[in-house]
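Visitor: So here's input38.pdb (PDB, C-alpha atoms).
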ATOM      1  CA  MET T   1     -36.787  50.356 -21.238
ATOM      2  CA  LEU T   2     -34.996  48.263 -23.844
ATOM      3  CA  ALA T   3     -31.419  47.205 -24.420
ATOM      4  CA  ARG T   4     -29.470  49.441 -26.747
ATOM      5  CA  SER T   5     -27.748  46.503 -28.484
ATOM      6  CA  ASN T   6     -28.646  42.885 -28.969
ATOM      7  CA  SER T   7     -26.775  39.896 -27.540
ATOM      8  CA  SER T   8     -24.383  39.425 -30.469
ATOM      9  CA  VAL T   9     -23.167  43.042 -30.408
ATOM     10  CA  VAL T  10     -22.813  43.102 -26.619
ATOM     11  CA  ASN T  11     -21.013  39.771 -26.685
ATOM     12  CA  GLN T  12     -18.513  40.944 -29.300
ATOM     13  CA  ASN T  13     -17.851  44.244 -27.515
ATOM     14  CA  SER T  14     -17.363  42.419 -24.203
ATOM     15  CA  MET T  15     -14.882  40.009 -25.764
ATOM     16  CA  ASP T  16     -12.863  42.955 -27.110
ATOM     17  CA  VAL T  17     -12.591  44.801 -23.792
ATOM     18  CA  PHE T  18     -12.460  41.882 -21.325
ATOM     19  CA  VAL T  19      -9.160  41.624 -19.461
ATOM     20  CA  GLY T  20      -8.529  38.788 -16.990
ATOM     21  CA  LYS T  21      -5.635  37.718 -14.780
ATOM     22  CA  GLY T  22      -5.343  34.385 -16.565
ATOM     23  CA  ASP T  23      -7.464  32.263 -14.267
ATOM     24  CA  TRP T  24     -10.855  33.298 -15.715
ATOM     25  CA  SER T  25     -12.043  33.568 -19.314
ATOM     26  CA  LEU T  26     -15.221  35.199 -20.644
ATOM     27  CA  GLN T  27     -17.442  32.758 -22.531
ATOM     28  CA  ALA T  28     -20.518  34.752 -23.556
ATOM     29  CA  VAL T  29     -22.757  37.692 -22.679
ATOM     30  CA  THR T  30     -26.487  37.505 -23.396
ATOM     31  CA  VAL T  31     -29.186  40.202 -23.165
ATOM     32  CA  TYR T  32     -32.814  39.549 -22.199
ATOM     33  CA  ASN T  33     -35.732  42.024 -22.455
ATOM     34  CA  THR T  34     -38.427  41.008 -19.979
ATOM     35  CA  MET T  35     -41.281  42.434 -17.981
ATOM     36  CA  TYR T  36     -42.190  41.997 -14.340
ATOM     37  CA  ALA T  37     -45.118  43.195 -12.254
ATOM     38  CA  ALA T  38     -44.977  44.776  -8.796
ATOM     39  CA  ASP T  39     -48.012  46.154  -6.913
ATOM     40  CA  GLY T  40     -50.137  45.762 -10.023
ATOM     41  CA  VAL T  41     -47.753  47.866 -12.138
ATOM     42  CA  ALA T  42     -45.786  46.362 -15.053
ATOM     43  CA  TYR T  43     -42.150  47.330 -15.381
ATOM     44  CA  SER T  44     -39.689  46.680 -18.159
ATOM     45  CA  GLN T  45     -36.511  44.834 -17.259
ATOM     46  CA  VAL T  46     -33.181  44.262 -19.063
ATOM     47  CA  ILE T  47     -31.032  41.331 -17.894
ATOM     48  CA  TYR T  48     -27.351  40.911 -18.838
ATOM     49  CA  SER T  49     -26.055  37.381 -18.199
ATOM     50  CA  MET T  50     -22.300  36.887 -18.245
ATOM     51  CA  TYR T  51     -20.799  33.397 -18.429
ATOM     52  CA  VAL T  52     -17.222  32.979 -17.263
ATOM     53  CA  LYS T  53     -15.064  29.877 -17.043
ATOM     54  CA  ARG T  54     -12.132  29.187 -14.776
ATOM     55  CA  ALA T  55      -8.990  28.295 -16.734
ATOM     56  CA  PRO T  56      -7.993  24.689 -15.896
ATOM     57  CA  ILE T  57      -4.315  25.140 -16.742
ATOM     58  CA  VAL T  58      -3.695  26.792 -13.360
ATOM     59  CA  TYR T  59      -4.907  23.734 -11.477
ATOM     60  CA  VAL T  60      -3.202  21.324 -13.854
ATOM     61  CA  ILE T  61       0.206  22.915 -13.348
ATOM     62  CA  ASN T  62      -0.049  23.843  -9.675
ATOM     63  CA  LEU T  63      -1.991  20.875  -8.269
ATOM     64  CA  ILE T  64      -2.775  17.952 -10.559
ATOM     65  CA  ILE T  65       0.698  17.356 -12.022
ATOM     66  CA  PRO T  66       2.525  17.676  -8.639
ATOM     67  CA  ALA T  67      -0.091  15.396  -7.033
ATOM     68  CA  CYS T  68       0.417  12.782  -9.770
ATOM     69  CA  PHE T  69       4.194  12.972  -9.338
ATOM     70  CA  LEU T  70       3.873  12.405  -5.597
ATOM     71  CA  VAL T  71       1.529   9.447  -6.160
ATOM     72  CA  PHE T  72       3.932   7.851  -8.650
ATOM     73  CA  LEU T  73       6.810   8.504  -6.265
ATOM     74  CA  ASP T  74       4.884   6.819  -3.467
ATOM     75  CA  ILE T  75       4.234   3.801  -5.701
ATOM     76  CA  ALA T  76       7.936   3.620  -6.596
ATOM     77  CA  SER T  77       8.837   3.669  -2.896
ATOM     78  CA  MET T  78       7.105   0.285  -2.527
ATOM     79  CA  PHE T  79      10.155  -1.279  -4.188
ATOM     80  CA  ILE T  80      12.532  -0.121  -1.428
ATOM     81  CA  GLN T  81      13.698  -3.273   0.345
ATOM     82  CA  SER T  82      14.421  -1.725   3.741
ATOM     83  CA  TYR T  83      11.103  -1.110   5.499
ATOM     84  CA  SER T  84      12.563   1.491   7.857
ATOM     85  CA  GLU T  85      13.907   3.594   4.985
ATOM     86  CA  ARG T  86      10.666   3.127   3.065
ATOM     87  CA  LEU T  87       8.608   4.293   6.047
ATOM     88  CA  GLY T  88      10.623   7.496   6.408
ATOM     89  CA  PHE T  89      10.404   8.152   2.671
ATOM     90  CA  LYS T  90       6.630   7.669   2.630
ATOM     91  CA  ILE T  91       6.124  10.011   5.583
ATOM     92  CA  THR T  92       8.115  12.678   3.734
ATOM     93  CA  ILE T  93       5.860  12.252   0.682
ATOM     94  CA  VAL T  94       2.746  12.590   2.846
ATOM     95  CA  LEU T  95       4.093  15.828   4.315
ATOM     96  CA  GLY T  96       4.703  17.161   0.809
ATOM     97  CA  PHE T  97       1.176  16.182  -0.207
ATOM     98  CA  SER T  98      -0.192  18.005   2.840
ATOM     99  CA  VAL T  99       1.365  21.211   1.489
ATOM    100  CA  LEU T 100      -0.525  20.652  -1.774
ATOM    101  CA  LEU T 101      -3.758  20.272   0.166
ATOM    102  CA  LEU T 102      -3.136  23.639   1.842
ATOM    103  CA  ILE T 103      -2.604  25.230  -1.581
ATOM    104  CA  LEU T 104      -5.774  23.528  -2.817
ATOM    105  CA  ASN T 105      -7.765  24.945   0.093
ATOM    106  CA  ASP T 106      -6.672  28.479  -0.818
ATOM    107  CA  MET T 107      -7.269  28.132  -4.559
ATOM    108  CA  LEU T 108     -10.664  26.435  -4.711
ATOM    109  CA  PRO T 109     -13.696  28.746  -4.448
ATOM    110  CA  SER T 110     -16.264  28.233  -1.720
ATOM    111  CA  SER T 111     -19.066  25.917  -2.770
ATOM    112  CA  ASP T 112     -21.826  23.786  -1.297
ATOM    113  CA  HIS T 113     -20.696  20.800  -3.377
ATOM    114  CA  THR T 114     -17.341  19.061  -2.974
ATOM    115  CA  PRO T 115     -15.214  19.680  -6.091
ATOM    116  CA  MET T 116     -13.797  16.693  -7.982
ATOM    117  CA  LEU T 117     -10.275  17.987  -7.514
ATOM    118  CA  GLY T 118     -10.724  17.914  -3.746
ATOM    119  CA  ILE T 119     -12.085  14.346  -3.908
ATOM    120  CA  PHE T 120      -9.096  13.326  -6.040
ATOM    121  CA  CYS T 121      -6.586  14.730  -3.553
ATOM    122  CA  CYS T 122      -8.393  13.204  -0.557
ATOM    123  CA  ILE T 123      -8.420   9.735  -2.144
ATOM    124  CA  CYS T 124      -4.722   9.997  -3.006
ATOM    125  CA  MET T 125      -3.959  11.068   0.565
ATOM    126  CA  THR T 126      -5.979   8.138   1.885
ATOM    127  CA  MET T 127      -4.059   5.666  -0.275
ATOM    128  CA  MET T 128      -0.753   7.085   0.924
ATOM    129  CA  VAL T 129      -1.792   6.676   4.550
ATOM    130  CA  LEU T 130      -2.976   3.110   3.902
ATOM    131  CA  SER T 131       0.332   2.276   2.231
ATOM    132  CA  ILE T 132       2.158   3.564   5.325
ATOM    133  CA  ILE T 133      -0.010   1.319   7.502
ATOM    134  CA  GLY T 134       0.813  -1.615   5.224
ATOM    135  CA  THR T 135       4.533  -0.876   5.524
ATOM    136  CA  ILE T 136       4.265  -0.748   9.315
ATOM    137  CA  PHE T 137       2.421  -4.077   9.301
ATOM    138  CA  ALA T 138       5.074  -5.690   7.082
ATOM    139  CA  SER T 139       7.838  -4.344   9.325
ATOM    140  CA  PHE T 140       6.038  -5.770  12.359
ATOM    141  CA  MET T 141       5.900  -9.212  10.754
ATOM    142  CA  LEU T 142       9.629  -9.091  10.092
ATOM    143  CA  GLU T 143      10.221  -8.183  13.727
ATOM    144  CA  GLN T 144       8.236 -11.273  14.702
ATOM    145  CA  SER T 145      10.874 -13.433  13.017
ATOM    146  CA  THR T 146      13.467 -12.268  15.554
ATOM    147  CA  THR T 147      11.424 -13.678  18.458
ATOM    148  CA  ASN T 148      11.823 -17.243  17.111
ATOM    149  CA  SER T 149       8.036 -17.649  17.069
ATOM    150  CA  SER T 150       6.441 -19.625  14.261
ATOM    151  CA  VAL T 151       3.697 -18.296  12.001
ATOM    152  CA  PRO T 152       0.196 -19.063  13.367
ATOM    153  CA  PRO T 153      -1.618 -21.796  11.425
ATOM    154  CA  TRP T 154      -4.483 -19.514  10.356
ATOM    155  CA  LEU T 155      -2.051 -16.890   9.057
ATOM    156  CA  ARG T 156      -0.009 -19.543   7.271
ATOM    157  CA  THR T 157      -3.126 -20.899   5.564
ATOM    158  CA  LEU T 158      -4.540 -17.487   4.660
ATOM    159  CA  VAL T 159      -1.364 -15.819   3.428
ATOM    160  CA  LEU T 160       1.074 -18.517   2.330
ATOM    161  CA  LYS T 161      -1.556 -20.553   0.502
ATOM    162  CA  HIS T 162      -4.444 -18.361  -0.626
ATOM    163  CA  LEU T 163      -3.000 -14.842  -0.870
ATOM    164  CA  ALA T 164       0.260 -16.146  -2.335
ATOM    165  CA  TYR T 165      -1.736 -17.669  -5.184
ATOM    166  CA  VAL T 166      -3.736 -14.459  -5.695
ATOM    167  CA  VAL T 167      -0.668 -12.192  -5.937
ATOM    168  CA  CYS T 168       1.301 -14.792  -7.968
ATOM    169  CA  PHE T 169       3.983 -15.210  -5.316
ATOM    170  CA  ARG T 170       6.215 -18.243  -5.809
ATOM    171  CA  LYS T 171       8.548 -19.705  -3.242
ATOM    172  CA  ASP T 172      12.041 -20.889  -4.102
ATOM    173  CA  ALA T 173      12.687 -24.602  -4.406
ATOM    174  CA  SER T 174      15.299 -24.425  -1.663
ATOM    175  CA  SER T 175      12.753 -22.898   0.696
ATOM    176  CA  ASP T 176      10.291 -25.686  -0.036
ATOM    177  CA  ASP T 177      12.902 -28.339   0.690
ATOM    178  CA  LEU T 178      13.849 -26.646   3.942
ATOM    179  CA  VAL T 179      10.264 -26.427   5.118
ATOM    180  CA  THR T 180       9.669 -30.093   4.273
ATOM    181  CA  LEU T 181      12.686 -31.243   6.233
ATOM    182  CA  VAL T 182      11.783 -29.168   9.243
ATOM    183  CA  MET T 183       8.218 -30.377   9.233
ATOM    184  CA  ALA T 184       9.469 -33.959   9.161
ATOM    185  CA  ASP T 185      11.692 -33.248  12.131
ATOM    186  CA  LYS T 186       8.787 -31.823  14.098
ATOM    187  CA  ASP T 187       7.563 -35.311  15.041
ATOM    188  CA  PRO T 188       6.402 -35.147  18.685
ATOM    189  CA  ASP T 189       7.933 -38.570  19.395
ATOM    190  CA  SER T 190      11.349 -37.663  17.972
ATOM    191  CA  ASP T 191      12.553 -35.992  21.185
ATOM    192  CA  LYS T 192      11.429 -38.965  23.276
ATOM    193  CA  LYS T 193      13.184 -41.392  20.966
ATOM    194  CA  MET T 194      16.344 -39.340  21.165
ATOM    195  CA  GLU T 195      16.228 -39.303  24.969
ATOM    196  CA  ARG T 196      15.722 -43.071  25.043
ATOM    197  CA  GLN T 197      18.712 -43.572  22.808
ATOM    198  CA  GLU T 198      20.828 -41.351  25.028
ATOM    199  CA  GLU T 199      19.757 -43.316  28.085
ATOM    200  CA  LYS T 200      20.642 -46.566  26.345
ATOM    201  CA  VAL T 201      24.063 -45.195  25.470
ATOM    202  CA  ARG T 202      24.712 -44.143  29.071
ATOM    203  CA  THR T 203      23.525 -47.561  30.294
ATOM    204  CA  VAL T 204      25.850 -49.364  27.936
ATOM    205  CA  GLU T 205      28.776 -47.192  28.990
ATOM    206  CA  MET T 206      28.251 -48.222  32.574
ATOM    207  CA  ASP T 207      28.657 -51.864  31.665
ATOM    208  CA  VAL T 208      32.213 -52.868  32.479
ATOM    209  CA  ASP T 209      32.157 -55.749  30.012
ATOM    210  CA  VAL T 210      31.939 -53.441  26.986
ATOM    211  CA  ASN T 211      35.292 -52.901  25.380
ATOM    212  CA  LYS T 212      36.836 -49.523  24.722
ATOM    213  CA  GLU T 213      36.044 -49.515  20.993
ATOM    214  CA  VAL T 214      32.316 -49.936  21.615
ATOM    215  CA  LYS T 215      32.369 -47.193  24.241
ATOM    216  CA  LEU T 216      34.089 -44.890  21.791
ATOM    217  CA  LEU T 217      31.468 -45.601  19.138
ATOM    218  CA  LYS T 218      28.670 -44.998  21.597
ATOM    219  CA  ARG T 219      30.173 -41.674  22.604
ATOM    220  CA  LEU T 220      30.439 -40.708  18.966
ATOM    221  CA  LEU T 221      26.799 -41.638  18.501
ATOM    222  CA  LEU T 222      25.839 -39.488  21.475
ATOM    223  CA  GLU T 223      27.708 -36.505  20.032
ATOM    224  CA  ILE T 224      26.070 -37.061  16.646
ATOM    225  CA  LEU T 225      22.643 -37.062  18.303
ATOM    226  CA  LYS T 226      23.473 -33.773  20.029
ATOM    227  CA  ILE T 227      24.581 -32.265  16.735
ATOM    228  CA  HIS T 228      21.399 -33.524  15.100
ATOM    229  CA  LYS T 229      19.324 -31.840  17.813
ATOM    230  CA  GLU T 230      21.156 -28.539  17.355
ATOM    231  CA  LEU T 231      20.657 -28.725  13.605
ATOM    232  CA  THR T 232      16.959 -29.356  14.138
ATOM    233  CA  LEU T 233      16.642 -26.259  16.330
ATOM    234  CA  ALA T 234      18.559 -24.211  13.770
ATOM    235  CA  ARG T 235      16.248 -25.429  11.012
ATOM    236  CA  ASN T 236      13.188 -24.552  13.085
ATOM    237  CA  LYS T 237      14.536 -21.043  13.599
ATOM    238  CA  THR T 238      15.359 -20.676   9.906
ATOM    239  CA  GLU T 239      11.891 -21.874   8.953
ATOM    240  CA  ALA T 240      10.231 -19.317  11.229
ATOM    241  CA  VAL T 241      12.330 -16.497   9.789
ATOM    242  CA  THR T 242      11.615 -17.674   6.236
ATOM    243  CA  ASP T 243       7.858 -17.939   6.826
ATOM    244  CA  TRP T 244       7.579 -14.496   8.417
ATOM    245  CA  THR T 245       9.640 -13.012   5.582
ATOM    246  CA  MET T 246       7.380 -14.583   2.966
ATOM    247  CA  VAL T 247       4.278 -13.357   4.802
ATOM    248  CA  ALA T 248       5.682  -9.805   4.827
ATOM    249  CA  GLN T 249       6.559  -9.983   1.123
ATOM    250  CA  ILE T 250       3.114 -11.316   0.175
ATOM    251  CA  MET T 251       1.300  -8.609   2.149
ATOM    252  CA  ASP T 252       3.604  -5.993   0.659
ATOM    253  CA  ARG T 253       2.861  -7.187  -2.876
ATOM    254  CA  LEU T 254      -0.870  -7.286  -2.150
ATOM    255  CA  MET T 255      -0.742  -3.666  -0.970
ATOM    256  CA  LEU T 256       1.137  -2.685  -4.138
ATOM    257  CA  TYR T 257      -1.479  -4.321  -6.379
ATOM    258  CA  LEU T 258      -4.355  -2.671  -4.514
ATOM    259  CA  TYR T 259      -2.566   0.677  -4.725
ATOM    260  CA  LEU T 260      -2.071   0.369  -8.492
ATOM    261  CA  ILE T 261      -5.675  -0.700  -9.115
ATOM    262  CA  THR T 262      -7.070   2.138  -6.974
ATOM    263  CA  VAL T 263      -4.887   4.795  -8.621
ATOM    264  CA  PHE T 264      -5.813   3.524 -12.090
ATOM    265  CA  LEU T 265      -9.533   3.656 -11.290
ATOM    266  CA  ILE T 266      -9.190   7.163  -9.844
ATOM    267  CA  PHE T 267      -7.486   8.462 -12.978
ATOM    268  CA  VAL T 268     -10.047   6.827 -15.263
ATOM    269  CA  ILE T 269     -12.978   8.251 -13.289
ATOM    270  CA  MET T 270     -11.446  11.728 -13.108
ATOM    271  CA  ILE T 271     -10.712  11.781 -16.860
ATOM    272  CA  CYS T 272     -14.256  10.636 -17.649
ATOM    273  CA  VAL T 273     -15.816  13.254 -15.363
ATOM    274  CA  TRP T 274     -13.688  16.115 -16.698
ATOM    275  CA  ALA T 275     -14.249  15.025 -20.295
ATOM    276  CA  ILE T 276     -17.991  15.225 -19.796
TER     277      ILE T 276
END
As structure tokens, how would this structure be written, given the file I've shared?

Guide:
Amino acid sequence: MLARSNSSVVNQNSMDVFVGKGDWSLQAVTVYNTMYAADGVAYSQVIYSMYVKRAPIVYVINLIIPACFLVFLDIASMFIQSYSERLGFKITIVLGFSVLLLILNDMLPSSDHTPMLGIFCCICMTMMVLSIIGTIFASFMLEQSTTNSSVPPWLRTLVLKHLAYVVCFRKDASSDDLVTLVMADKDPDSDKKMERQEEKVRTVEMDVDVNKEVKLLKRLLLEILKIHKELTLARNKTEAVTDWTMVAQIMDRLMLYLYLITVFLIFVIMICVWAI
């Protein structure tokens, strides 16, 4: 038994009559004349091998381009100043990306190996979830500023000094001056000195030999000391709010840089793999 036509004729005839739905294209048809033995008897064998290729335009239009748009939209959402609005926006994007994953599950054929398109979508989904976690963490740090608690020393050293330099974050000159003044006012002996001065003023006021003008000046001094104490507390509160805000901004910028680097590497790897 032999093939009636050779590979070139069969290939040309197959190309003329092949009709697909648009997602598959016929590449080639080859014919092999072989022999095989069974129970000591040799038999002739004709093998027709058909090579088909899935059209990539379907996945590009239905999956890759919408996935890229959602990734770029998620990156753009990092510039929203309000963390609550940003969090709701990011969750909406993740829900939209979940719909794409459902479409991907229906379109990809069953295989023992994980397709590159599935890896691409899973990595993008992972980055979106990590960006949501980063937004929640930044929002938590801003909430800490409302409790009037200062930034821990280890967090101040790690974020405000080292990470701020890495992400090229610069503080305003006014913020530096404010922090310097507050740190100078945080002398542990300042409160004791102030109390001693107040006691001296009260002692002097009790002296009947002091004239009225001196008493008036001492009372003015006492009021000035009270105002100075209130200003010191206000500066401490402002410093805590400013530090927590800067920590949130630095962490937010770090997350944005990591997001951009990861997305860039994913696109480069995917383009290299598909080009090969």

Visitor: Determine the residue membership of the PyMOL selection byres ((chain T and resi 127-142) around 10) for the file above and supply it as a PyMOL selection string.

Guide: chain T and resi 70-71+74-75+78+82-84+86-91+93-94+97+121-126+143-147+151+241-252+254-256+258-260+262-263

Visitor: Let me see the file: selected residues, C-alpha atoms, as a compact mmCIF listing (two decimals), in the frame of the given file.

Guide:
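Once everything was written out, this is out-v8.txt:
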# COMPACT_ATOMS: atom_id res chain seq x y z
CA LEU T 70 3.87 12.40 -5.60
CA VAL T 71 1.53 9.45 -6.16
CA ASP T 74 4.88 6.82 -3.47
CA ILE T 75 4.23 3.80 -5.70
CA MET T 78 7.10 0.28 -2.53
CA SER T 82 14.42 -1.72 3.74
CA TYR T 83 11.10 -1.11 5.50
CA SER T 84 12.56 1.49 7.86
CA ARG T 86 10.67 3.13 3.06
CA LEU T 87 8.61 4.29 6.05
CA GLY T 88 10.62 7.50 6.41
CA PHE T 89 10.40 8.15 2.67
CA LYS T 90 6.63 7.67 2.63
CA ILE T 91 6.12 10.01 5.58
CA ILE T 93 5.86 12.25 0.68
CA VAL T 94 2.75 12.59 2.85
CA PHE T 97 1.18 16.18 -0.21
CA CYS T 121 -6.59 14.73 -3.55
CA CYS T 122 -8.39 13.20 -0.56
CA ILE T 123 -8.42 9.74 -2.14
CA CYS T 124 -4.72 10.00 -3.01
CA MET T 125 -3.96 11.07 0.56
CA THR T 126 -5.98 8.14 1.88
CA GLU T 143 10.22 -8.18 13.73
CA GLN T 144 8.24 -11.27 14.70
CA SER T 145 10.87 -13.43 13.02
CA THR T 146 13.47 -12.27 15.55
CA THR T 147 11.42 -13.68 18.46
CA VAL T 151 3.70 -18.30 12.00
CA VAL T 241 12.33 -16.50 9.79
CA THR T 242 11.62 -17.67 6.24
CA ASP T 243 7.86 -17.94 6.83
CA TRP T 244 7.58 -14.50 8.42
CA THR T 245 9.64 -13.01 5.58
CA MET T 246 7.38 -14.58 2.97
CA VAL T 247 4.28 -13.36 4.80
CA ALA T 248 5.68 -9.80 4.83
CA GLN T 249 6.56 -9.98 1.12
CA ILE T 250 3.11 -11.32 0.18
CA MET T 251 1.30 -8.61 2.15
CA ASP T 252 3.60 -5.99 0.66
CA LEU T 254 -0.87 -7.29 -2.15
CA MET T 255 -0.74 -3.67 -0.97
CA LEU T 256 1.14 -2.68 -4.14
CA LEU T 258 -4.36 -2.67 -4.51
CA TYR T 259 -2.57 0.68 -4.72
CA LEU T 260 -2.07 0.37 -8.49
CA THR T 262 -7.07 2.14 -6.97
CA VAL T 263 -4.89 4.80 -8.62

Visitor: Using Å and a single decimal, report how far CA of Asp23 in chain T sits from CA of Asn62 in chain T.

Guide: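 CA of Asp23 in chain T lies at a distance of 12.1 Å from CA of Asn62 in chain T.
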
Visitor: For the atom pair CA of Met116 in chain T and CA of Met50 in chain T, what is the interatomic distance in Å to one decimal place?

Guide: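 Answer for the CA of Met116 in chain T to CA of Met50 in chain T separation: 24.2 Å.
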
Visitor: Expressed in Å to a single decimal, how great is the separation between CA of Ala42 in chain T and CA of Val10 in chain T?

Guide: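 The value is 25.9 Å.
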
Visitor: With distances taken over only C-alpha atoms, which residue among T:Ile47, T:Ala55, T:Leu217, T:Val29 lies nearest Ala3 in chain T?

Guide: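 Between T:Ile47, T:Ala55, T:Leu217, T:Val29, the residue approaching Ala3 in chain T most closely is T:Ile47.
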
Visitor: Ranking T:Tyr36, T:Leu225, T:Phe169, T:Leu117 by minimum distance to Val60 in chain T and counting all atoms listed in the file, which one comes first?

Guide: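 Closest candidate: T:Leu117.
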
Visitor: Quick one: apply the PyMOL selection byres ((chain T and resi 104) around 12) to the file and drop the selected residues here as a list in words.

Guide: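 Output of the PyMOL selection byres ((chain T and resi 104) around 12): Val58, Tyr59, Val60, Asn62, Leu63, Ile64, Pro66, Ala67, Phe97, Ser98, Val99, Leu100, Leu101, Leu102, Ile103, Asn105, Asp106, Met107, Leu108, Pro109, Ser110, Pro115, Met116, Leu117, Gly118, Ile119, Phe120, Cys121 and Cys122 of chain T.
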
Visitor: Would you list the residues near (-35.3, 47.1, -18.3), meaning any protein, DNA or RNA residue with an atom at most 12 Å from that point in file coordinates, counting all atoms listed in the file, as a ChimeraX atom specification?

Guide: /T:1-4,31-36,42-48

Visitor: Between T:Gly96, T:Arg253, T:Leu220, T:Glu230, which residue has the minimum interatomic distance to Arg170 in chain T, considering all atoms listed in the file?

Guide: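 Using all atoms listed in the file, Arg170 in chain T sits closest to T:Arg253.
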
Visitor: So which residues touch Ser14 in chain T within 12 Å, counting only C-alpha atoms, skipping near sequence neighbours fewer than 5 positions away, as a PyMOL selection string?

Guide: chain T and resi 5+7-9+19-20+25-30+48-52

Visitor: Draw an axis-aligned box over all listed atoms of range 31-48 of chain T, pad each side with 8 Å, and write its centre and edge lengths in Å, one decimal, as lines of an AutoDock Vina configuration file.

Guide:
center_x = -38.7
center_y = 43.7
center_z = -15.0
size_x = 38.8
size_y = 24.3
size_z = 32.3
